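Reviewing the structure listed below.
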Amino acid sequence: MKRTKMWGAGEMKLGVHRRKHSGLWSAIHAILPVLIVNSVLAVDTTLSELDLSTIRQGWGKAQADKSVQEKPLTIAGEVFEKGLGTHASSIMYIELDGKAEAFRAKAGVDDEIGASPASIVFKAIVDGRTLFDSGVMKAGDKARPVDVSLKGAKMLILFAGDAGDGINFDHADWAAAVIVMADGKPRAVAAPKEDAVILTPKPGPAPRINGPKVYGCRPGNPFLYRVPTTGARPMKFSATGLPAGLVLDAVTGIVTGTAPARGEYKVTFRAENGHGKSEREFRIIGGDKLALTPTMGWNDWYAHYNRITDPMMREAADIMVSSGMADVGYQYVDIDDCWEAKRGPDGNIIPNQKFPDMRDMTAYIHAKGLKAGIYSSPGPRTCAGYTGSYKYEAQDAKQIADWGFDLLKHDWCSYGEVAGGRDLTALQKPYRLMGDLLKQQKRDIVLNLCQYGMGDVWKWGAEVGGHSWRTGGDLGFELHRIFQIALRNCEIGQFNKPGEWNDPDYIQIGYIGSAHGMGHPRPCGLTPNEQYSFMSLWCLMASPLFYSGDMTKLDEFALNVLCNPEAIEVNQDPLGKCARVACKTNDTFVLVKEMEDGSKAVGLCNQGEFETEVVANWTDIGVSGKQRVRDLWRQKDLGEFTDRFSANVPRHGVALVRMAGR
Ligand code: GAL
């Protein structure tokens, strides 16, 4: 629909194209030439004519003159011929060159969702000022008229966001939407691109010992721990207080031997090179518990799927050391699904040809001071359709230990067929069985449950022998939801404690494969700020930190996000607390994590589309008086603050700080 308009002299609908003036109009023109010197012919551009591929939205694809599900645009029974069908969170940037007059539309939730609980806020933002705010709109609400002046404006942003309850069902229509422009055409443009800014200074040449301060092991089992230390090699390592049976290699910094008897052993590690010295207290706890701090490592799943091979695992171990990841605490090198072939005549599981010698592979990983992890499913088949452990659990537990693995991820797939129900006993049975079997092995084997949170696994995962448990489905399918997942996990944060970890799935930054169809690794699609947020949230939640991207494609930016020892220290804190939500608005929230030394790690989080100030008030975060605040990503002291600390947090960003009283 196009029409001409004379600004300031009323509207005249003159059909499809700019027309010659009518007779009456010519007469006026003749009589009052001076009055119309400033009059301009304006043209309406329908929103749906613009390049909709520039729109960023939370689900589906933006549609011209149709709803997001490609039905006629309909709001509260009113059908619209023209408009934009989109889905929260949706954002469209339109350049106007200062030549537009107005934006008009009717905004509302599309009827196609029926009575589902949608809630959307529509905003029209003109050169940074919100000139239209619909308030919360629900399914069935009458379309809200929008009429916004664009005089002199350079940029119009159309935003349809969720109203604080997630984006489910938020089918958002900008119906009958037009931009009235005196001259030229509006242009939809891509959202401004963020630069991948490296915030964290590179580790200096002087030694710095990182990683956990406490470590659990079972008496009499093989012991292996590489003291994670940044700084130039060669370096000389030493320790005091190491229990008998353990030896520290002075060159590699790897501790090996036999785990000591039950009890607590206070050790001090030291590292020294030509540039300086570092010292770190470390407690070894001989007992039943493992994984006293969240497990850290790499898992191949989201990069390699069924392409994983033994040489790729060894290469990942090499890179874990050469990239510096091992120097900040990454430790496990885990093979996921797709290594299994079949059972041999004795019932033992036989790996496929891509894994010719499991024992040799784990020995290779161990020689670097790292640990090896493996995967199975309690059902007859794994999730990718390979041989599972059903009815061979004891053999598999023994085999995994004999091969030298230090971690088992135990999935659920196909177990549903044999579980005989979904009651708690049925849900727990396979994990209790495997948990008990692993405890009987002469190795410390960490058990990661992967049954997507069924039966509130966080309430009983530890009781059946698990050290961590997935709290939901595969994050690979819902990467954009990291903030919502963090908020949800913080609600069950009280179940997080040393040796018992809620697991929201792997870190997927850098190059990752596509979860849809096991695609090859490519850039993850998250913005730089989203990648910082990913890591910040996982650190604040004390979640297991497993990177699951392509190790061979780690670049400087990804490594800077993965390897900041001050962020990792938040994750590895011995108290093992998950952050709590101290305060929340629609778009922002503040997370607070209690640290062992009495300080607090605080995340100022912005899940909204625009940079905004996020405030952490002392009353909300439970501190008082003067607080010294340190920016953990920049590793920079920000000074002393009283009553509150605030930061301008970018779109989908987190400001991660640590604060302590005097
Ligand atoms: C899924 C699991 C993934 C991966 C996959 C392997 O169930 O959540 O993390 O392990 O199985 O097939």
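Order determines the names: the first chain of the structure tokens is A, the second B, and so forth; residues in each chain are numbered 1 upward, and ligands are numbered 1 upward as they are shown.
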Task: Within 9 Å of ligand 1, counting only C-alpha atoms and all ligand atoms, residues as JSON, numbers by chain - done: {"A": [301, 302, 305, 306, 336, 337, 338, 375, 376, 377, 382, 383, 384, 385, 386, 409, 410, 411, 412, 413, 450, 451, 452, 470, 472, 473, 474, 475, 476, 505, 506]}
Task: Which of segment 287-506 of chain A fall in helix (DSSP H, G or I), as number ranges by chain - done: A: 301-307, 310-322, 326-328, 358-367, 393-403, 415-417, 424-440, 457-459, 475-477, 479-491, 493-495
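If you look at atom CA of Leu424 of chain A and atom CA of Phe495 of chain A, they are 17.6 Å away from each other.
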- [ ] List the neighbours of Gly603 of chain A out to 6 Å using only C-alpha atoms; skip same-chain residues closer than 4 positions along the sequence, and give me the result as a PyMOL selection string.
- [x] chain A and resi 590-591+655-656
Open item on the list: List as a list in words the protein and nucleic acid residues near segment 159-166 of chain A, meaning an atom at most 6 Å away when only C-alpha atoms are counted, but skip any in the same chain fewer than 2 places from it.
Closed with: Ala88, Ser89, Ser90, Ile91, Ser119, Ile120, Val121, Phe122, Lys123, Asn168 and Asn586 of chain A
Would you export the selected residues with N, CA, C and O atoms as a JSON list (two decimals), in the first residue's frame, please?
```
[["chain", "number", "residue", "atom", "x", "y", "z"],
["A", 88, "ALA", "N", 9.30, -13.19, 19.39],
["A", 88, "ALA", "CA", 10.21, -12.63, 20.40],
["A", 88, "ALA", "C", 11.38, -13.59, 20.61],
["A", 88, "ALA", "O", 11.24, -14.78, 20.38],
["A", 89, "SER", "N", 12.53, -13.07, 21.05],
["A", 89, "SER", "CA", 12.88, -11.68, 21.02],
["A", 89, "SER", "C", 13.24, -11.30, 19.59],
["A", 89, "SER", "O", 14.11, -11.93, 19.00],
["A", 90, "SER", "N", 12.57, -10.29, 19.08],
["A", 90, "SER", "CA", 12.77, -9.91, 17.70],
["A", 90, "SER", "C", 13.25, -8.48, 17.64],
["A", 90, "SER", "O", 12.74, -7.61, 18.35],
["A", 91, "ILE", "N", 14.22, -8.26, 16.78],
["A", 91, "ILE", "CA", 14.75, -6.91, 16.68],
["A", 91, "ILE", "C", 15.05, -6.59, 15.22],
["A", 91, "ILE", "O", 15.62, -7.40, 14.50],
["A", 119, "SER", "N", 3.29, -13.67, 26.19],
["A", 119, "SER", "CA", 3.31, -12.30, 26.75],
["A", 119, "SER", "C", 4.46, -11.57, 26.07],
["A", 119, "SER", "O", 5.61, -12.02, 26.13],
["A", 120, "ILE", "N", 4.11, -10.48, 25.41],
["A", 120, "ILE", "CA", 5.09, -9.77, 24.58],
["A", 120, "ILE", "C", 5.04, -8.28, 24.90],
["A", 120, "ILE", "O", 3.98, -7.73, 25.18],
["A", 121, "VAL", "N", 6.21, -7.66, 24.86],
["A", 121, "VAL", "CA", 6.27, -6.20, 24.94],
["A", 121, "VAL", "C", 6.80, -5.71, 23.60],
["A", 121, "VAL", "O", 7.85, -6.15, 23.14],
["A", 122, "PHE", "N", 6.04, -4.81, 22.97],
["A", 122, "PHE", "CA", 6.48, -4.22, 21.69],
["A", 122, "PHE", "C", 7.06, -2.84, 21.99],
["A", 122, "PHE", "O", 6.47, -2.06, 22.75],
["A", 123, "LYS", "N", 8.17, -2.53, 21.32],
["A", 123, "LYS", "CA", 8.75, -1.20, 21.50],
["A", 123, "LYS", "C", 9.20, -0.64, 20.16],
["A", 123, "LYS", "O", 9.75, -1.39, 19.34],
["A", 168, "ASN", "N", 8.44, -18.49, 24.93],
["A", 168, "ASN", "CA", 7.48, -19.48, 24.44],
["A", 168, "ASN", "C", 6.18, -18.85, 23.98],
["A", 168, "ASN", "O", 5.60, -18.03, 24.71],
["A", 586, "ASN", "N", 12.74, -7.44, 34.11],
["A", 586, "ASN", "CA", 12.46, -8.20, 32.88],
["A", 586, "ASN", "C", 13.73, -8.61, 32.17],
["A", 586, "ASN", "O", 13.90, -9.75, 31.78]]
```
- [ ] Give the strand (DSSP E) residues of segment 256-317 of chain A, as assigned by DSSP on the backbone, as a list in words.
- [x] Thr256, Gly257, Thr258, Gly263, Glu264, Tyr265, Lys266, Val267, Thr268, Phe269, Arg270, Ala271, Glu272, Asn273, Gly276, Lys277, Ser278, Glu279, Arg280, Glu281, Phe282, Arg283, Ile284, Ile285, Gly286, Met296, Gly297, Trp298 and Asn299 of chain A
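Once Ser323 of chain A and its same-chain neighbours fewer than 2 positions away are set aside, Thr230, Glu315, Ala316, Ala317, Asp318, Ile319, Met320, Val321, Met325, Ala326, Asp327, Val328, Tyr330, Met551, Thr552, Lys553, Leu554, Asp555, Glu556, Ala558, Leu559, Asn560, Leu562 and Cys563 of chain A remain within 12 Å of it when counting only C-alpha atoms.
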Task: Counting only C-alpha atoms, the residue of A:Asp346, A:His480, A:Lys398, A:Arg658 that sits nearest Ile167 of chain A - done: A:His480
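Between atom CA of Gly416 of chain A and atom CA of Gly453 of chain A the interatomic distance comes to 14.2 Å.
Closest approach to Gly517 of chain A from the set A:Arg226, A:Ala303, A:Ile198, A:His275 is made by A:Ala303, with distances taken over only C-alpha atoms.
Here the question is which of A:Leu370, A:Ala100, A:Val251, A:Leu47 gets nearest to Gly184 of chain A using only C-alpha atoms, and that residue is A:Ala100.
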